[in-house]
file work35.cif (mmCIF, C-alpha atoms and all ligand atoms)
data_target
loop_
_atom_site.label_atom_id
_atom_site.label_comp_id
_atom_site.auth_asym_id
_atom_site.auth_seq_id
_atom_site.Cartn_x
_atom_site.Cartn_y
_atom_site.Cartn_z
CA MET A 1 29.82 -1.60 22.45
CA ASN A 2 26.27 -0.17 22.65
CA SER A 3 27.11 2.39 19.89
CA TRP A 4 24.64 3.67 17.26
CA ARG A 5 26.43 1.33 14.86
CA ALA A 6 25.58 -1.57 17.17
CA TYR A 7 21.89 -0.66 16.97
CA VAL A 8 22.02 -0.43 13.14
CA VAL A 9 23.71 -3.84 12.84
CA TRP A 10 21.33 -5.41 15.36
CA GLY A 11 18.31 -3.71 13.71
CA ILE A 12 19.18 -5.23 10.31
CA GLY A 13 19.64 -8.65 11.93
CA VAL A 14 16.31 -8.37 13.75
CA PHE A 15 14.58 -7.33 10.52
CA GLY A 16 16.05 -10.48 8.91
CA TYR A 17 14.67 -12.55 11.82
CA LEU A 18 11.23 -10.90 11.61
CA VAL A 19 11.10 -11.77 7.90
CA ALA A 20 12.19 -15.35 8.75
CA VAL A 21 9.32 -15.67 11.27
CA LEU A 22 6.96 -14.31 8.57
CA GLN A 23 8.23 -16.93 6.10
CA ARG A 24 7.97 -19.67 8.76
CA THR A 25 4.36 -18.88 9.72
CA SER A 26 3.04 -17.84 6.27
CA PHE A 27 1.90 -21.34 5.33
CA GLY A 28 0.02 -21.93 8.58
CA VAL A 29 -2.41 -19.06 7.91
CA VAL A 30 -3.37 -20.27 4.41
CA GLY A 31 -4.47 -23.78 5.40
CA LEU A 32 -7.79 -23.72 3.50
CA GLU A 33 -6.25 -22.32 0.30
CA ALA A 34 -3.36 -24.83 0.55
CA ALA A 35 -5.75 -27.76 1.00
CA GLU A 36 -7.59 -26.65 -2.16
CA ARG A 37 -4.44 -25.99 -4.21
CA PHE A 38 -2.71 -29.27 -3.33
CA HIS A 39 -5.95 -31.34 -3.05
CA VAL A 40 -4.98 -32.68 0.40
CA GLY A 41 -6.57 -33.13 3.85
CA GLY A 42 -5.40 -32.12 7.33
CA ALA A 43 -2.92 -34.98 7.85
CA VAL A 44 -0.91 -34.24 4.68
CA LEU A 45 -1.17 -30.53 5.33
CA SER A 46 0.38 -30.97 8.78
CA ALA A 47 3.29 -32.81 7.08
CA PHE A 48 4.23 -29.49 5.45
CA THR A 49 4.74 -27.92 8.90
CA VAL A 50 6.26 -30.98 10.57
CA LEU A 51 8.88 -31.50 7.83
CA GLN A 52 9.73 -27.80 7.84
CA LEU A 53 10.31 -27.99 11.63
CA VAL A 54 12.29 -31.24 11.34
CA VAL A 55 14.64 -29.52 8.88
CA TYR A 56 14.83 -26.47 11.16
CA ALA A 57 15.67 -28.50 14.29
CA SER A 58 18.14 -30.86 12.59
CA LEU A 59 20.17 -27.94 11.22
CA GLN A 60 20.68 -26.15 14.52
CA ILE A 61 24.06 -27.69 15.39
CA PRO A 62 25.56 -27.42 11.87
CA VAL A 63 24.32 -23.83 11.71
CA GLY A 64 25.76 -23.05 15.14
CA LEU A 65 29.16 -24.42 14.07
CA LEU A 66 29.02 -22.54 10.76
CA VAL A 67 28.12 -19.23 12.37
CA ASP A 68 31.04 -19.59 14.78
CA ARG A 69 33.29 -20.18 11.78
CA PHE A 70 31.96 -17.73 9.21
CA GLY A 71 30.06 -15.15 11.26
CA SER A 72 26.49 -13.87 11.17
CA ARG A 73 26.62 -11.82 7.97
CA ILE A 74 27.13 -14.72 5.60
CA MET A 75 24.73 -17.00 7.49
CA VAL A 76 21.81 -14.52 7.65
CA SER A 77 22.17 -13.75 3.94
CA ALA A 78 22.47 -17.46 3.01
CA GLY A 79 19.35 -18.12 5.11
CA ALA A 80 17.47 -15.42 3.21
CA VAL A 81 18.56 -16.96 -0.12
CA PHE A 82 17.12 -20.37 0.91
CA MET A 83 13.88 -18.80 2.13
CA ALA A 84 13.48 -16.80 -1.10
CA LEU A 85 14.02 -19.99 -3.15
CA GLY A 86 11.57 -21.90 -0.95
CA GLN A 87 8.83 -19.29 -1.30
CA LEU A 88 9.36 -19.07 -5.08
CA GLN A 89 8.96 -22.83 -5.17
CA ILE A 90 5.71 -22.61 -3.15
CA ALA A 91 4.49 -19.83 -5.45
CA VAL A 92 4.63 -22.12 -8.48
CA ALA A 93 4.14 -25.55 -6.84
CA GLU A 94 0.99 -27.46 -7.69
CA THR A 95 1.78 -30.89 -6.24
CA THR A 96 2.26 -31.97 -2.64
CA VAL A 97 5.86 -33.06 -3.18
CA THR A 98 6.97 -29.79 -4.82
CA GLY A 99 5.10 -27.84 -2.10
CA ILE A 100 6.79 -29.79 0.68
CA ILE A 101 10.20 -29.23 -0.93
CA GLY A 102 9.44 -25.50 -0.89
CA ARG A 103 8.58 -25.62 2.83
CA MET A 104 11.75 -27.59 3.57
CA LEU A 105 13.83 -24.92 1.82
CA VAL A 106 12.07 -22.31 3.97
CA GLY A 107 12.85 -24.38 7.09
CA MET A 108 16.51 -24.55 6.01
CA GLY A 109 16.82 -20.79 5.59
CA ASP A 110 14.85 -20.13 8.77
CA ALA A 111 17.22 -22.42 10.71
CA MET A 112 20.16 -20.20 9.72
CA THR A 113 18.65 -16.96 10.90
CA PHE A 114 17.86 -16.82 14.63
CA VAL A 115 21.10 -18.35 15.94
CA SER A 116 23.12 -16.04 13.67
CA VAL A 117 21.22 -12.91 14.68
CA LEU A 118 21.41 -13.75 18.39
CA ARG A 119 25.17 -14.17 18.07
CA LEU A 120 25.45 -10.47 17.22
CA VAL A 121 24.13 -9.41 20.65
CA PRO A 122 27.12 -10.17 22.93
CA LEU A 123 29.54 -8.96 20.26
CA TRP A 124 27.89 -5.55 19.90
CA PHE A 125 26.38 -4.98 23.40
CA ASP A 126 27.87 -5.22 26.88
CA GLY A 127 26.83 -7.84 29.43
CA ARG A 128 24.37 -5.57 31.25
CA ARG A 129 22.46 -4.71 28.07
CA ALA A 130 22.67 -8.13 26.40
CA PRO A 131 19.71 -9.88 28.19
CA LEU A 132 17.33 -7.07 27.21
CA MET A 133 18.63 -6.94 23.62
CA SER A 134 18.24 -10.74 23.33
CA GLN A 135 14.66 -10.51 24.58
CA LEU A 136 13.94 -7.66 22.15
CA THR A 137 15.36 -9.79 19.32
CA GLY A 138 12.89 -12.57 20.16
CA VAL A 139 9.99 -10.20 20.75
CA ILE A 140 10.37 -8.10 17.60
CA GLY A 141 10.84 -11.26 15.52
CA GLN A 142 7.43 -12.52 16.68
CA LEU A 143 5.82 -9.57 14.92
CA GLY A 144 6.50 -11.55 11.73
CA GLN A 145 3.66 -13.84 12.81
CA LEU A 146 1.27 -10.87 12.93
CA VAL A 147 2.41 -9.83 9.44
CA SER A 148 1.45 -13.35 8.28
CA VAL A 149 -1.97 -13.21 9.89
CA ILE A 150 -2.99 -9.73 8.68
CA PRO A 151 -1.25 -8.17 5.61
CA PHE A 152 -0.02 -11.42 4.07
CA LEU A 153 -3.44 -13.07 4.28
CA ALA A 154 -5.07 -9.92 2.84
CA LEU A 155 -2.55 -9.91 -0.02
CA LEU A 156 -3.25 -13.58 -0.73
CA HIS A 157 -6.99 -12.91 -0.92
CA ALA A 158 -6.50 -9.83 -3.12
CA ALA A 159 -3.71 -10.95 -5.47
CA GLY A 160 -3.78 -14.74 -5.37
CA TRP A 161 -1.46 -17.52 -4.24
CA SER A 162 1.51 -17.05 -6.60
CA GLN A 163 1.71 -13.26 -6.23
CA ALA A 164 1.54 -13.48 -2.44
CA PHE A 165 4.34 -16.02 -2.13
CA MET A 166 6.47 -14.18 -4.71
CA THR A 167 6.12 -11.05 -2.57
CA LEU A 168 7.48 -13.03 0.40
CA ALA A 169 10.43 -14.15 -1.75
CA ALA A 170 11.04 -10.50 -2.71
CA LEU A 171 11.12 -9.54 0.99
CA SER A 172 13.94 -12.00 1.55
CA LEU A 173 15.82 -10.35 -1.33
CA VAL A 174 15.51 -7.03 0.54
CA VAL A 175 17.02 -8.76 3.59
CA ILE A 176 19.96 -10.04 1.51
CA VAL A 177 20.73 -6.56 0.19
CA LEU A 178 20.47 -4.91 3.64
CA VAL A 179 22.58 -7.57 5.34
CA LEU A 180 25.34 -7.47 2.75
CA ALA A 181 25.37 -3.67 2.79
CA LEU A 182 25.12 -2.93 6.52
CA LEU A 183 25.52 -5.96 8.78
CA ARG A 184 29.02 -6.57 10.22
CA ASN A 185 29.87 -9.62 12.35
CA ALA A 186 31.57 -7.69 15.15
CA PRO A 187 32.97 -4.23 15.93
CA ALA A 188 36.40 -3.58 14.41
CA GLY A 189 39.10 -5.37 16.36
CA ALA A 190 36.80 -7.84 18.16
CA PRO A 191 37.28 -11.58 17.57
CA ALA A 192 34.17 -12.69 15.67
CA ALA A 193 34.90 -16.02 14.10
CA GLN A 194 36.33 -19.38 15.07
CA SER A 195 39.29 -18.93 12.76
CA GLU A 196 40.69 -16.96 15.67
CA SER A 197 40.03 -19.73 18.20
CA PRO A 198 42.31 -22.70 18.82
CA GLU A 199 39.48 -25.28 18.78
CA GLY A 200 38.56 -27.40 15.74
CA THR A 201 34.94 -28.14 14.82
CA ARG A 202 34.62 -31.37 16.79
CA ALA A 203 36.35 -29.91 19.83
CA LEU A 204 34.15 -26.84 19.63
CA LEU A 205 30.98 -28.94 19.65
CA ALA A 206 32.29 -31.18 22.44
CA ALA A 207 33.33 -28.17 24.55
CA ALA A 208 29.94 -26.48 24.11
CA TRP A 209 28.10 -29.68 25.05
CA ARG A 210 30.35 -30.51 28.02
CA GLN A 211 29.63 -27.11 29.52
CA PRO A 212 26.73 -27.78 31.93
CA GLY A 213 25.51 -24.20 31.43
CA THR A 214 24.78 -25.02 27.76
CA ARG A 215 22.75 -28.07 28.79
CA LEU A 216 20.95 -26.02 31.43
CA GLY A 217 19.98 -23.66 28.58
CA MET A 218 18.86 -26.56 26.39
CA TRP A 219 16.63 -28.08 29.09
CA SER A 220 15.23 -24.65 29.95
CA HIS A 221 14.33 -24.14 26.28
CA PHE A 222 12.95 -27.69 26.08
CA THR A 223 10.74 -27.32 29.16
CA VAL A 224 9.30 -23.88 28.72
CA GLN A 225 8.82 -23.34 24.99
CA PHE A 226 7.26 -26.49 23.48
CA SER A 227 3.72 -26.22 24.83
CA GLY A 228 3.20 -22.79 23.23
CA ASN A 229 4.65 -24.06 19.93
CA VAL A 230 2.40 -27.12 19.93
CA PHE A 231 -0.58 -24.86 20.58
CA ALA A 232 0.26 -22.08 18.11
CA LEU A 233 1.63 -24.21 15.27
CA MET A 234 -0.60 -27.27 15.32
CA TRP A 235 -3.14 -28.29 17.95
CA GLY A 236 -4.44 -24.98 19.38
CA PHE A 237 -6.95 -24.27 16.62
CA PRO A 238 -8.44 -27.81 16.37
CA PHE A 239 -8.63 -27.99 20.18
CA MET A 240 -10.40 -24.64 20.54
CA VAL A 241 -12.76 -25.01 17.57
CA ALA A 242 -13.48 -28.75 17.21
CA GLY A 243 -12.83 -29.77 20.84
CA GLN A 244 -14.01 -26.81 22.91
CA GLY A 245 -16.59 -25.58 20.38
CA PHE A 246 -15.36 -21.96 20.20
CA ASP A 247 -16.19 -19.96 17.11
CA SER A 248 -13.19 -19.74 14.76
CA THR A 249 -13.12 -15.93 15.10
CA VAL A 250 -12.82 -16.32 18.90
CA ALA A 251 -10.03 -18.86 18.36
CA ALA A 252 -8.26 -16.43 15.98
CA GLY A 253 -8.66 -13.68 18.62
CA LEU A 254 -7.06 -15.94 21.25
CA MET A 255 -4.16 -16.63 18.87
CA SER A 256 -3.58 -12.88 18.40
CA PHE A 257 -3.76 -12.52 22.21
CA PHE A 258 -1.03 -15.19 22.39
CA VAL A 259 1.28 -13.11 20.17
CA ALA A 260 0.46 -9.89 22.09
CA VAL A 261 1.27 -11.45 25.51
CA ALA A 262 4.52 -12.96 24.16
CA ILE A 263 5.57 -9.53 22.89
CA LEU A 264 4.62 -7.64 26.06
CA ALA A 265 6.26 -10.14 28.42
CA GLY A 266 9.68 -10.05 26.70
CA PRO A 267 11.16 -6.73 27.97
CA PRO A 268 10.24 -7.22 31.68
CA MET A 269 11.66 -10.73 31.53
CA GLY A 270 14.86 -9.36 29.97
CA ARG A 271 15.18 -6.83 32.81
CA PHE A 272 14.55 -9.54 35.43
CA VAL A 273 17.28 -11.73 33.92
CA ALA A 274 19.74 -8.80 33.84
CA ARG A 275 19.05 -8.01 37.53
CA HIS A 276 18.81 -11.57 38.89
CA PRO A 277 21.10 -13.81 36.81
CA LEU A 278 21.18 -16.39 39.62
CA ARG A 279 17.38 -16.76 39.49
CA ARG A 280 17.00 -17.53 35.79
CA SER A 281 16.24 -21.23 36.15
CA THR A 282 13.78 -20.51 38.97
CA LEU A 283 11.81 -18.29 36.60
CA VAL A 284 11.84 -21.07 33.98
CA LEU A 285 10.61 -23.61 36.54
CA GLY A 286 7.95 -21.18 37.80
CA ILE A 287 6.54 -20.65 34.30
CA SER A 288 6.68 -24.40 33.60
CA THR A 289 4.67 -25.02 36.80
CA LEU A 290 2.12 -22.40 35.73
CA THR A 291 1.89 -24.12 32.33
CA ALA A 292 1.20 -27.48 33.98
CA LEU A 293 -1.43 -25.91 36.28
CA ALA A 294 -3.17 -24.03 33.45
CA TRP A 295 -3.34 -27.14 31.23
CA THR A 296 -4.59 -29.27 34.13
CA ALA A 297 -7.36 -26.76 34.87
CA VAL A 298 -8.49 -26.60 31.21
CA LEU A 299 -8.35 -30.37 30.76
CA VAL A 300 -10.19 -31.37 33.96
CA VAL A 301 -12.89 -28.71 34.09
CA PRO A 302 -16.23 -30.47 33.41
CA GLY A 303 -17.75 -29.64 30.02
CA ARG A 304 -16.28 -26.86 27.91
CA ALA A 305 -13.71 -24.53 29.44
CA PRO A 306 -15.01 -20.97 29.98
CA LEU A 307 -13.49 -18.30 27.73
CA TRP A 308 -11.66 -16.65 30.65
CA LEU A 309 -9.93 -19.93 31.51
CA MET A 310 -8.87 -20.43 27.88
CA ALA A 311 -7.51 -16.86 27.89
CA VAL A 312 -5.50 -17.65 31.07
CA LEU A 313 -4.09 -20.78 29.41
CA VAL A 314 -3.18 -18.83 26.25
CA ALA A 315 -1.48 -16.09 28.33
CA VAL A 316 0.57 -18.65 30.28
CA LEU A 317 1.57 -20.49 27.09
CA ALA A 318 2.62 -17.19 25.54
CA LEU A 319 5.01 -16.56 28.48
CA GLY A 320 6.91 -19.67 27.34
CA GLY A 321 8.34 -17.86 24.26
CA PRO A 322 10.13 -15.04 26.12
CA ALA A 323 10.99 -17.39 29.00
CA SER A 324 12.75 -19.71 26.55
CA MET A 325 15.13 -16.83 25.72
CA ILE A 326 16.60 -17.51 29.19
CA GLY A 327 18.00 -20.71 27.65
CA PHE A 328 20.06 -18.59 25.23
CA ASP A 329 21.14 -16.37 28.10
CA PHE A 330 22.65 -19.45 29.79
CA ALA A 331 24.49 -20.25 26.54
CA ARG A 332 25.80 -16.68 26.38
CA THR A 333 27.01 -16.44 29.97
CA PHE A 334 28.60 -19.90 30.22
CA ASN A 335 30.44 -19.96 26.86
CA PRO A 336 33.21 -17.86 25.35
CA SER A 337 32.16 -15.82 22.31
CA HIS A 338 33.96 -18.05 19.78
CA ARG A 339 31.62 -20.97 20.52
CA LEU A 340 28.45 -19.01 21.18
CA GLY A 341 26.77 -19.97 17.89
CA THR A 342 27.36 -23.67 18.59
CA ALA A 343 26.04 -23.39 22.17
CA THR A 344 23.01 -21.37 20.97
CA GLY A 345 22.28 -24.04 18.32
CA ILE A 346 22.33 -26.75 21.01
CA VAL A 347 19.96 -24.74 23.20
CA ASN A 348 17.58 -24.06 20.30
CA ILE A 349 17.21 -27.77 19.56
CA GLY A 350 15.63 -28.31 22.99
CA GLY A 351 12.28 -26.58 22.48
CA PHE A 352 11.82 -27.63 18.87
CA VAL A 353 12.55 -31.32 19.55
CA ALA A 354 10.11 -31.24 22.48
CA ALA A 355 7.51 -29.53 20.27
CA LEU A 356 7.88 -32.05 17.42
CA LEU A 357 7.74 -34.99 19.84
CA THR A 358 4.61 -33.62 21.53
CA MET A 359 2.88 -32.74 18.23
CA PHE A 360 3.39 -36.32 17.14
CA LEU A 361 2.27 -37.83 20.48
CA VAL A 362 -0.91 -35.74 20.58
CA GLY A 363 -1.83 -36.77 17.00
CA TYR A 364 -0.99 -40.40 17.73
CA LEU A 365 -3.10 -40.48 20.91
CA LEU A 366 -6.07 -38.87 19.12
CA ASP A 367 -5.89 -41.48 16.34
CA LEU A 368 -5.34 -44.36 18.78
CA GLN A 369 -8.39 -43.47 20.87
CA HIS A 370 -10.49 -43.28 17.72
CA ALA A 371 -9.17 -46.58 16.36
CA LEU A 372 -9.95 -48.27 19.71
CA GLY A 373 -13.49 -46.88 19.66
CA LEU A 374 -12.79 -44.69 22.70
CA SER A 375 -13.83 -41.45 21.00
CA PRO A 376 -17.13 -42.28 19.24
CA GLN A 377 -17.95 -38.54 18.87
CA GLY A 378 -15.03 -38.14 16.44
CA VAL A 379 -11.23 -37.96 16.36
CA TYR A 380 -11.28 -34.35 17.56
CA SER A 381 -13.81 -34.76 20.39
CA LEU A 382 -13.24 -32.90 23.65
CA ASP A 383 -12.72 -36.08 25.68
CA ALA A 384 -10.16 -37.39 23.18
CA PHE A 385 -8.30 -34.07 23.39
CA ARG A 386 -8.29 -34.24 27.21
CA VAL A 387 -6.32 -37.49 27.12
CA ALA A 388 -4.08 -36.58 24.17
CA LEU A 389 -3.10 -33.11 25.39
CA ALA A 390 -2.40 -34.43 28.91
CA VAL A 391 0.75 -36.02 27.45
CA GLN A 392 2.27 -32.55 27.68
CA LEU A 393 2.40 -32.93 31.47
CA LEU A 394 4.77 -35.88 31.02
CA VAL A 395 7.01 -33.90 28.64
CA LEU A 396 6.99 -30.96 31.05
CA GLY A 397 7.86 -33.24 33.97
CA ALA A 398 10.71 -34.90 32.05
CA GLY A 399 12.14 -31.51 31.05
CA ALA A 400 11.90 -30.10 34.57
CA PHE A 401 13.58 -33.21 36.00
CA ALA A 402 16.51 -32.94 33.56
CA LEU A 403 16.75 -29.19 34.20
CA VAL A 404 16.98 -29.61 37.98
CA ARG A 405 19.63 -32.33 37.60
CA VAL A 406 21.89 -30.27 35.35
CA ARG A 407 21.28 -27.18 37.50
CA ARG A 408 22.89 -29.01 40.43
CA LYS A 409 26.02 -29.50 38.30
CA VAL A 410 26.05 -25.84 37.31
CA ARG A 411 25.67 -24.76 40.94
CA ARG A 412 28.50 -27.05 42.03
CA ALA A 413 30.73 -25.48 39.36
CA LEU A 414 29.70 -22.00 40.53
CA ALA A 415 30.40 -22.92 44.16
CA ALA A 416 33.92 -23.96 43.11
CA GLN A 417 34.34 -20.35 41.90
CA ASN A 418 32.96 -19.06 45.24
CA VAL A 419 29.59 -18.10 43.74
CA ARG A 420 26.88 -19.40 46.04
CA VAL A 421 23.24 -19.24 44.92
CA PRO A 422 21.20 -18.27 48.00
CA LEU A 423 18.20 -20.51 48.69
CA LEU A 424 14.80 -18.92 48.08
CA ARG A 425 13.96 -19.39 51.76
CA GLU A 426 17.13 -17.45 52.72
CA LEU A 427 16.19 -14.64 50.33
CA TRP A 428 12.69 -14.53 51.79
CA ALA A 429 14.03 -14.41 55.38
CA ASP A 430 16.44 -11.67 54.35
CA TYR A 431 13.66 -9.69 52.67
CA ARG A 432 11.43 -9.97 55.76
CA ALA A 433 14.27 -8.96 58.09
CA ARG A 434 14.95 -5.86 55.95
CA ARG A 435 11.26 -4.94 55.95
CA ARG A 436 11.10 -5.26 59.77
CA ARG A 437 14.11 -2.98 60.11
N1 LIG W 1 12.17 -18.41 22.17
C1 LIG W 1 11.85 -18.27 20.81
C2 LIG W 1 11.68 -16.88 20.35
C3 LIG W 1 10.67 -16.08 21.14
C4 LIG W 1 10.94 -14.97 21.88
N2 LIG W 1 9.78 -14.52 22.36
C5 LIG W 1 8.84 -15.32 21.95
N3 LIG W 1 9.40 -16.25 21.20
C6 LIG W 1 12.89 -19.06 20.01
O1 LIG W 1 13.45 -20.00 20.50
N4 LIG W 1 13.13 -18.72 18.79
C7 LIG W 1 13.93 -19.43 17.85
C8 LIG W 1 13.49 -19.04 16.48
O2 LIG W 1 14.10 -19.47 15.48
O3 LIG W 1 12.50 -18.30 16.37
#
call {"tool": "encode", "arguments": {"input": "work35.cif", "output": "structure tokens"}}
result
Amino acid sequence: MNSWRAYVVWGIGVFGYLVAVLQRTSFGVVGLEAAERFHVGGAVLSAFTVLQLVVYASLQIPVGLLVDRFGSRIMVSAGAVFMALGQLQIAVAETTVTGIIGRMLVGMGDAMTFVSVLRLVPLWFDGRRAPLMSQLTGVIGQLGQLVSVIPFLALLHAAGWSQAFMTLAALSLVVIVLVLALLRNAPAGAPAAQSESPEGTRALLAAAWRQPGTRLGMWSHFTVQFSGNVFALMWGFPFMVAGQGFDSTVAAGLMSFFVAVAILAGPPMGRFVARHPLRRSTLVLGISTLTALAWTAVLVVPGRAPLWLMAVLVAVLALGGPASMIGFDFARTFNPSHRLGTATGIVNIGGFVAALLTMFLVGYLLDLQHALGLSPQGVYSLDAFRVALAVQLLVLGAGAFALVRVRRKVRRALAAQNVRVPLLRELWADYRARRRR
């Protein structure tokens, strides 16, 4: 535990995840070039991203089960094989269908990576270090998005479409070699795979789902992560540029600010979770409330939102990424190691299902208002966005409601083990009493 070997194994896994995030986000930054290459408009272009995410989300449970059975090494390398094939396909594709197949292969490989890498953490690090290492996994992986925005885009402009995507495929080959050479599922002697557990596949899935701590993780992930995904992956740019009238360079700056805040917020959140494990869901609910407040402010302010208010919204949305790692921390602390991959897969579905649902609802509400003649200034007018984006408040409310319900179950189970979660008001009274003394 915590040995130099642990850091090498984890470092290789995190590099694999960073490359997966680069592969995932690479298409989003080449929208104009893709529209020209495939001769398509915005709606078809968004299908590339939506289908990639549908594949990603639908594979989470199978991947979780497979990683519990076969371990991280084989899953991370198989994921890299799929991503390399997908990017090679994109490099040569000239029709929409072949392009979409390429993105779906990328989504498939991407789906295999995060859950498998996160599974390494509790096997190689002790319980005190694990929350921070999980946060660092998420944080470092997000740098892949910056690699997409800066060097990858520059390479595409300098060397052309096919060369750029072939380079991405080559990066996944590097991951395969490193993983096969250096990544080990668990330290020698530790149980790493389900072959050593008595549960079969169906029982494993049922046991992970029945554990209320897994569902608490899933609803935490659902509630806190989707709004940032919807913003960064689909509606943020059109809202800022077409709706709010910001220059596209300002919008790009706000997107980079989003990544920077997500990266900076990860380590302190990891330390908070390690110190206050009984306050994890309160942090999730606090950030969800901030998200609702920030969106409400931006959507109700008369006229265009000032830049500072947009920056506040972007910062709050960025907190959702690291906060969603708390969902995986619930999976880790409430499940034995032999079903951790399965529980992590269940948790990871939460945020991505919420994001896909919201992306669809926002697009549907924009189109509906236009079809009904309610947005005469255009589909992407500011007033149409106000109504469409407000749907996020409903999704947030539904997630928070489910989270609080399942949290009650978790707390009852903890009380049965003589672990009582002190009320916030008791903590506050205690804090004040100590200060007076
Ligand atoms: N919570 C994210 C990762 C993250 C960490 N910090 C900011 N974002 C997540 O669920 N990741 C899953 C994945 O496959 O990337």
call {"tool": "atom_distance", "arguments": {"input": "work35.cif", "atom1": "CA of Arg119 in chain A", "atom2": "atom C7 of ligand LIG 1 (chain W)"}}
result
12.4 Å
call {"tool": "residues_near_ligand", "arguments": {"input": "work35.cif", "ligand": "ligand LIG 1 (chain W)", "cutoff": "6 Å", "atoms": "all atoms listed in the file", "output": "list in words"}}
result
Phe114, Gly138, Val139, Ala262, Gly321, Pro322, Ser324, Met325 and Asn348 of chain A
call {"tool": "residues_around", "arguments": {"input": "work35.cif", "residues": "range 238-248 of chain A", "least_positions_apart": "6", "cutoff": "8 Å", "atoms": "all atoms listed in the file", "output": "number ranges by chain"}}
result
A: 304-305, 380-383, 385
call {"tool": "closest_residue", "arguments": {"input": "work35.cif", "among": "A:Thr333, A:Ser148, A:Gln135, A:Ser77", "to": "Pro268 in chain A", "atoms": "all atoms listed in the file"}}
result
A:Gln135
call {"tool": "atom_distance", "arguments": {"input": "work35.cif", "atom1": "CA of Leu313 in chain A", "atom2": "CA of Arg407 in chain A"}}
result
27.4 Å
call {"tool": "closest_atom_pairs", "arguments": {"input": "work35.cif", "of": "range 210-265 of chain A", "to": "range 351-368 of chain A", "cutoff": "6 Å", "atoms": "only C-alpha atoms", "output": "tab-separated table"}}
result
residue	atom	partner	partner_atom	distance
A:His221	CA	A:Gly351	CA	5.0
A:Phe222	CA	A:Gly351	CA	3.8
A:Gln225	CA	A:Gly351	CA	5.4
A:Phe226	CA	A:Ala355	CA	4.4
A:Val230	CA	A:Ala355	CA	5.7
call {"tool": "residues_near_point", "arguments": {"input": "work35.cif", "point": "(22.4, -10.5, 3.6)", "cutoff": "9 Å", "atoms": "only C-alpha atoms", "output": "list in words"}}
result
Gly13, Gly16, Arg73, Ile74, Met75, Val76, Ser77, Ala78, Gly79, Ala80, Val81, Ser172, Leu173, Val174, Val175, Ile176, Val177, Leu178, Val179, Leu180, Ala181, Leu182 and Leu183 of chain A
